[in-house]
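A.B. asks: Take this structure, written in structure tokens, and hold onto it; I'll ask about it next.
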Amino acid sequence: MKYSVIVPVFNRPDEVDELLQSLTAQSFKDFEVIIVEDGSNKPCKDVCDRYADVLNLHYYDKPNSGPGQSRNYGAERANGEWIIILDSDVVLPEGYLFHINEELKAKSEELGVSAFGGPDTAHPDFTPIQKAISYSMTSFFTTGGIRGGKAKLDKFYPRSFNMGIRNDIYLKLGGFSKMRFGEDIDFSYRIVEAGYKTTLFPDAWVWHKRRTDFLKFWRQVYNSGIARINLEKRHPGTLKLVHLLPTVFTLGVVCCCLAALVCFILATFSSNSFTLGMVGIGVLAPIILYSLLICIDSTIQNKNLKVGLLSIPAAFVQLMGYGFGFIESWWKRCVLKKDEFQAFEKNFYK
């Protein structure tokens with residue numbers, strides 16, 4: 001068998017239904033699907049049973065241990081030459097596996113590719129908030145484009161929403177660590193550090209629903225910010241300038257807002273109220289200009305003004321959520337000198 005598609009699931013039966021439906025439409029058929037239920041309160045077994053006759057599908061139910069360990073559980077039971085890791089909230093175009101197979105035929109021997117990943121995008125049927133969140137996670141103006149279709153400011157590392165690796169290498173490296181967040185980047189770092197080559201397959205893209213509201217999105221990116229310091233501790237030298245930019249942005253926004261607030265308060269009690277008010281507005285000018293840039297760029301990309309407007313709060317949630325998580329992690333790990341388990345046991349470990 002060529003491919004084993006592994007999907008960890010936690011309380012997302014509806015999403016699994018959409019993913020499995022897209023797998024039935026694949027033009028390339030030499031694959032199995034392994035669904036690993038990670039201690040869900042809302043299991044997806046009934047959904048999987050509906051696809052048992054049309055897919056080579058294996059369903060496993062296990063106690064909750066986090067996505068990384070669930071992927072490892074599936075990999076131990078996989079029969080494919082290559083393992084493909086997908087998140088449960090993705091949907092595949094019908095040529096997804098075909099493009100992967102064509103890329104591997106062209107590159108695996110010639111370039112020695114041992115692991116790969118693909119980009120993600122928003123489906124036309126996604127909600128405006130989902131499209132805005134997708135924009136904020138892939139735009140050059142928010143993430144430097146490192147999560148989009150090209151690695152612009154940093155080396156490409158596969159991520160677990162769309163990631164492939166040779167089965168023997170997966171097992172040799174021990175798969176994913178026990179980190180609850182950032183475990184996919186940790187695994188990608190270990191793949192590269194072991195001397196294996198990773199590459200981007202730009203045509204092997206997926207539709208990625210991500211989070212459906214800004215509060216859930218905040219929690220996701222906050223934990224990603226926490227993970228970045230832990231990743232640097234595990235893999236010294238992997239912290240790049242692009243990873244610091246959300247924190248710089250966060251501190252800049254906080255300082256600008258506080259300075260503007262002081263100006264507006266002083267203007268209330270001063271005879272130079274107009275001047276102080278204008279100074280306050282001037283202090284906020286960079287934030288206003290950045291918001292306009294995001295709105296215009298997203299509106300053009302999505303061809304939708306509503307998505308463009310929603311991309312403004314999405315961008316601030318993405319950058320500042322990550323930034324505040326990064327600051328908390330830096331304080332606990334670098335200043336208080338707590339180890340990874342002590343500092344974030346509730347966040348990362350069960």
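Naming works like this for the structure tokens: A, B, ... for the chains as they're shown, residue 1 at the start of each chain, ligands 1 onward in shown order.
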Name the residues in contact with stretch 185-189 of chain A at a cut-off of 8 Å, using only C-alpha atoms, excluding same-chain residues fewer than 4 positions from it; report them as a PyMOL selection string.
C.D. replies: chain A and resi 157-159+175-177+193+231+234-235
A.B. asks: List the neighbours of stretch 241-250 of chain A out to 12 Å using only C-alpha atoms; skip same-chain residues closer than 2 positions along the sequence, and give me the result as JSON, numbers by chain.
C.D. replies: {"A": [140, 141, 142, 143, 144, 145, 146, 147, 151, 152, 153, 154, 155, 221, 222, 224, 225, 226, 227, 228, 229, 231, 232, 237, 238, 239, 252, 253, 254, 255, 256, 257, 286, 287, 290, 315, 316, 317, 318, 319, 320, 321, 322, 323, 324, 325, 326, 327, 328, 329, 330]}
A.B. asks: Would you mind listing, for every residue of stretch 189-230 of chain A within 9 Å of stretch 76-89 of chain A, the two atoms forming the shortest contact and the distance between them in Å to one decimal, using only C-alpha atoms, sorted by chain and ascending residue number, as a Markdown table?
C.D. replies:
| residue | atom | partner | partner_atom | distance |
| --- | --- | --- | --- | --- |
| A:Trp207 | CA | A:Asp89 | CA | 8.5 |
| A:His208 | CA | A:Asp89 | CA | 6.1 |
| A:Lys209 | CA | A:Asp89 | CA | 5.6 |
| A:Arg210 | CA | A:Asp89 | CA | 6.5 |
| A:Arg211 | CA | A:Asp89 | CA | 8.9 |
A.B. asks: Include C-alpha atoms and write out the residues we just selected as a PDB file, in the first residue's frame.
C.D. replies:
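Now in again26.pdb:
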ATOM      1  CA  TRP A 207      -9.054  23.533   2.405  1.00  0.00           C
ATOM      2  CA  HIS A 208      -8.532  24.238   6.098  1.00  0.00           C
ATOM      3  CA  LYS A 209     -11.483  25.411   8.202  1.00  0.00           C
ATOM      4  CA  ARG A 210      -9.348  26.350  11.246  1.00  0.00           C
ATOM      5  CA  ARG A 211     -11.338  27.987  14.066  1.00  0.00           C
TER       6      ARG A 211
END
A.B. asks: Identify all residues of stretch 91-228 of chain A in helix (DSSP H, G or I) (DSSP on the backbone) and supply them as a ChimeraX atom specification.
C.D. replies: /A:96-107,128-138,140-143,167-173,183-193,214-228
A.B. asks: So which residues of stretch 181-265 of chain A fall under strand (DSSP E or B) by DSSP, listed as a PDB file with all heavy atoms, in the first residue's frame?
C.D. replies:
ATOM      1  N   LYS A 197      15.527  15.249   4.308  1.00  0.00           N
ATOM      2  CA  LYS A 197      15.112  16.425   3.548  1.00  0.00           C
ATOM      3  C   LYS A 197      13.599  16.572   3.555  1.00  0.00           C
ATOM      4  O   LYS A 197      12.866  15.619   3.304  1.00  0.00           O
ATOM      5  CB  LYS A 197      15.602  16.335   2.096  1.00  0.00           C
ATOM      6  CG  LYS A 197      15.239  17.553   1.250  1.00  0.00           C
ATOM      7  CD  LYS A 197      15.826  17.450  -0.141  1.00  0.00           C
ATOM      8  CE  LYS A 197      15.399  18.617  -1.011  1.00  0.00           C
ATOM      9  NZ  LYS A 197      15.774  19.919  -0.443  1.00  0.00           N
ATOM     10  N   THR A 198      13.145  17.795   3.851  1.00  0.00           N
ATOM     11  CA  THR A 198      11.725  18.127   3.760  1.00  0.00           C
ATOM     12  C   THR A 198      11.522  19.110   2.610  1.00  0.00           C
ATOM     13  O   THR A 198      12.415  19.895   2.295  1.00  0.00           O
ATOM     14  CB  THR A 198      11.221  18.764   5.059  1.00  0.00           C
ATOM     15  OG1 THR A 198      11.901  20.016   5.271  1.00  0.00           O
ATOM     16  CG2 THR A 198      11.483  17.856   6.263  1.00  0.00           C
ATOM     17  N   THR A 199      10.358  19.077   2.020  1.00  0.00           N
ATOM     18  CA  THR A 199      10.089  19.998   0.922  1.00  0.00           C
ATOM     19  C   THR A 199       8.613  20.357   0.872  1.00  0.00           C
ATOM     20  O   THR A 199       7.772  19.632   1.406  1.00  0.00           O
ATOM     21  CB  THR A 199      10.522  19.392  -0.427  1.00  0.00           C
ATOM     22  OG1 THR A 199      10.464  20.384  -1.451  1.00  0.00           O
ATOM     23  CG2 THR A 199       9.616  18.231  -0.811  1.00  0.00           C
ATOM     24  N   LEU A 200       8.323  21.473   0.248  1.00  0.00           N
ATOM     25  CA  LEU A 200       6.953  21.934   0.058  1.00  0.00           C
ATOM     26  C   LEU A 200       6.419  21.414  -1.272  1.00  0.00           C
ATOM     27  O   LEU A 200       7.072  21.550  -2.307  1.00  0.00           O
ATOM     28  CB  LEU A 200       6.907  23.462   0.063  1.00  0.00           C
ATOM     29  CG  LEU A 200       5.585  24.118  -0.355  1.00  0.00           C
ATOM     30  CD1 LEU A 200       4.515  23.868   0.699  1.00  0.00           C
ATOM     31  CD2 LEU A 200       5.775  25.619  -0.574  1.00  0.00           C
ATOM     32  N   VAL A 206      -4.784  21.917   0.786  1.00  0.00           N
ATOM     33  CA  VAL A 206      -6.048  21.485   1.385  1.00  0.00           C
ATOM     34  C   VAL A 206      -6.884  22.711   1.738  1.00  0.00           C
ATOM     35  O   VAL A 206      -6.362  23.812   1.916  1.00  0.00           O
ATOM     36  CB  VAL A 206      -5.819  20.645   2.664  1.00  0.00           C
ATOM     37  CG1 VAL A 206      -5.004  19.402   2.359  1.00  0.00           C
ATOM     38  CG2 VAL A 206      -5.144  21.474   3.759  1.00  0.00           C
ATOM     39  N   TRP A 207      -8.186  22.511   1.827  1.00  0.00           N
ATOM     40  CA  TRP A 207      -9.054  23.533   2.405  1.00  0.00           C
ATOM     41  C   TRP A 207      -9.051  23.328   3.913  1.00  0.00           C
ATOM     42  O   TRP A 207      -9.362  22.235   4.401  1.00  0.00           O
ATOM     43  CB  TRP A 207     -10.481  23.387   1.868  1.00  0.00           C
ATOM     44  CG  TRP A 207     -10.629  23.795   0.433  1.00  0.00           C
ATOM     45  CD1 TRP A 207     -10.368  25.019  -0.108  1.00  0.00           C
ATOM     46  CD2 TRP A 207     -11.105  22.987  -0.658  1.00  0.00           C
ATOM     47  NE1 TRP A 207     -10.638  25.028  -1.457  1.00  0.00           N
ATOM     48  CE2 TRP A 207     -11.091  23.790  -1.818  1.00  0.00           C
ATOM     49  CE3 TRP A 207     -11.539  21.660  -0.753  1.00  0.00           C
ATOM     50  CZ2 TRP A 207     -11.491  23.314  -3.059  1.00  0.00           C
ATOM     51  CZ3 TRP A 207     -11.928  21.176  -1.983  1.00  0.00           C
ATOM     52  CH2 TRP A 207     -11.904  22.005  -3.125  1.00  0.00           C
ATOM     53  N   HIS A 208      -8.718  24.361   4.645  1.00  0.00           N
ATOM     54  CA  HIS A 208      -8.532  24.238   6.098  1.00  0.00           C
ATOM     55  C   HIS A 208      -9.510  25.170   6.796  1.00  0.00           C
ATOM     56  O   HIS A 208      -9.401  26.389   6.695  1.00  0.00           O
ATOM     57  CB  HIS A 208      -7.088  24.613   6.457  1.00  0.00           C
ATOM     58  CG  HIS A 208      -6.683  24.194   7.831  1.00  0.00           C
ATOM     59  ND1 HIS A 208      -5.454  24.517   8.371  1.00  0.00           N
ATOM     60  CD2 HIS A 208      -7.324  23.480   8.788  1.00  0.00           C
ATOM     61  CE1 HIS A 208      -5.374  24.016   9.585  1.00  0.00           C
ATOM     62  NE2 HIS A 208      -6.495  23.388   9.869  1.00  0.00           N
TER      63      HIS A 208
END
A.B. asks: Hey, can you check how far atom CA of A:Asp61 sits from atom CA of A:Lys45?
C.D. replies: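 Here the two named atoms are 8.6 Å from each other.
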A.B. asks: Just want the 10 Å neighbourhood of A:Ile100, counted on only C-alpha atoms, with same-chain residues fewer than 2 positions away dropped. Output as a list in words.
C.D. replies: Phe28, Ile84, Gly95, Tyr96, Leu97, Phe98, Glu102, Glu103, Leu104, Lys105, Ala106, Phe116, Gly117, Gly118, Gly164, Phe201, Pro202, Asp203, Ala204 and Trp205 of chain A
A.B. asks: Keeping only C-alpha atoms, take the residues you just selected and write them out as a PDB file, in the first residue's frame.
C.D. replies:
ATOM      1  CA  PHE A  28      -5.667   8.234  -6.715  1.00  0.00           C
ATOM      2  CA  ILE A  84       0.069  11.413   5.566  1.00  0.00           C
ATOM      3  CA  GLY A  95      -6.427  15.754  -6.992  1.00  0.00           C
ATOM      4  CA  TYR A  96      -4.716  15.967  -3.595  1.00  0.00           C
ATOM      5  CA  LEU A  97      -3.246  12.452  -3.457  1.00  0.00           C
ATOM      6  CA  PHE A  98      -2.589  12.474  -7.210  1.00  0.00           C
ATOM      7  CA  GLU A 102       3.355  12.807  -8.917  1.00  0.00           C
ATOM      8  CA  GLU A 103       5.638  14.992  -6.776  1.00  0.00           C
ATOM      9  CA  LEU A 104       7.120  11.968  -5.021  1.00  0.00           C
ATOM     10  CA  LYS A 105       7.749  10.173  -8.300  1.00  0.00           C
ATOM     11  CA  ALA A 106       9.610  13.239  -9.540  1.00  0.00           C
ATOM     12  CA  PHE A 116       6.811  16.924   2.742  1.00  0.00           C
ATOM     13  CA  GLY A 117       3.970  19.289   3.428  1.00  0.00           C
ATOM     14  CA  GLY A 118       1.449  21.348   1.525  1.00  0.00           C
ATOM     15  CA  GLY A 164       3.676  13.493   4.854  1.00  0.00           C
ATOM     16  CA  PHE A 201       4.533  20.415  -2.457  1.00  0.00           C
ATOM     17  CA  PRO A 202       2.640  23.581  -3.500  1.00  0.00           C
ATOM     18  CA  ASP A 203       0.001  21.690  -5.511  1.00  0.00           C
ATOM     19  CA  ALA A 204      -0.871  19.374  -2.593  1.00  0.00           C
ATOM     20  CA  TRP A 205      -3.032  21.963  -0.849  1.00  0.00           C
TER      21      TRP A 205
END
A.B. asks: Mind pulling up the distance from atom CA of A:Tyr59 to atom CA of A:Ile35?
C.D. replies: 4.9 Å
A.B. asks: Using only C-alpha atoms, what does the table of stretch 50-90 of chain A residues within 10 Å of stretch 21-25 of chain A look like, with each row giving the shortest atom pair and its distance in Å to one decimal, sorted by chain and ascending number, as CSV?
C.D. replies:
residue,atom,partner,partner_atom,distance
A:Tyr51,CA,A:Gln21,CA,8.2
A:Val54,CA,A:Thr24,CA,6.9
A:Leu55,CA,A:Thr24,CA,6.6
A:Asn56,CA,A:Thr24,CA,9.9
A:Val90,CA,A:Ser22,CA,9.4
A.B. asks: Create the file for the chosen residues now, containing N, CA, C and O atoms and written as a compact mmCIF listing (two decimals), in the first residue's frame.
C.D. replies:
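Final output, saved to result-v6.txt:
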# COMPACT_ATOMS: atom_id res chain seq x y z
N TYR A 51 -18.81 5.02 5.86
CA TYR A 51 -17.82 5.00 4.77
C TYR A 51 -17.05 3.69 4.71
O TYR A 51 -16.11 3.56 3.92
N VAL A 54 -16.81 2.10 1.22
CA VAL A 54 -16.23 2.86 0.09
C VAL A 54 -14.79 3.28 0.33
O VAL A 54 -14.11 3.72 -0.59
N LEU A 55 -14.32 3.15 1.57
CA LEU A 55 -12.93 3.48 1.90
C LEU A 55 -12.30 2.32 2.66
O LEU A 55 -12.98 1.59 3.39
N ASN A 56 -11.00 2.17 2.49
CA ASN A 56 -10.23 1.23 3.33
C ASN A 56 -10.00 1.94 4.65
O ASN A 56 -8.97 2.56 4.87
N VAL A 90 -9.88 19.61 7.83
CA VAL A 90 -9.51 19.91 6.45
C VAL A 90 -10.42 19.15 5.50
O VAL A 90 -11.02 18.13 5.86
A.B. asks: With only C-alpha atoms as the basis for distance, which of A:Val262, A:Ile191, A:Val33, A:Leu20 is at the shortest distance from A:Ser4?
C.D. replies: A:Val33
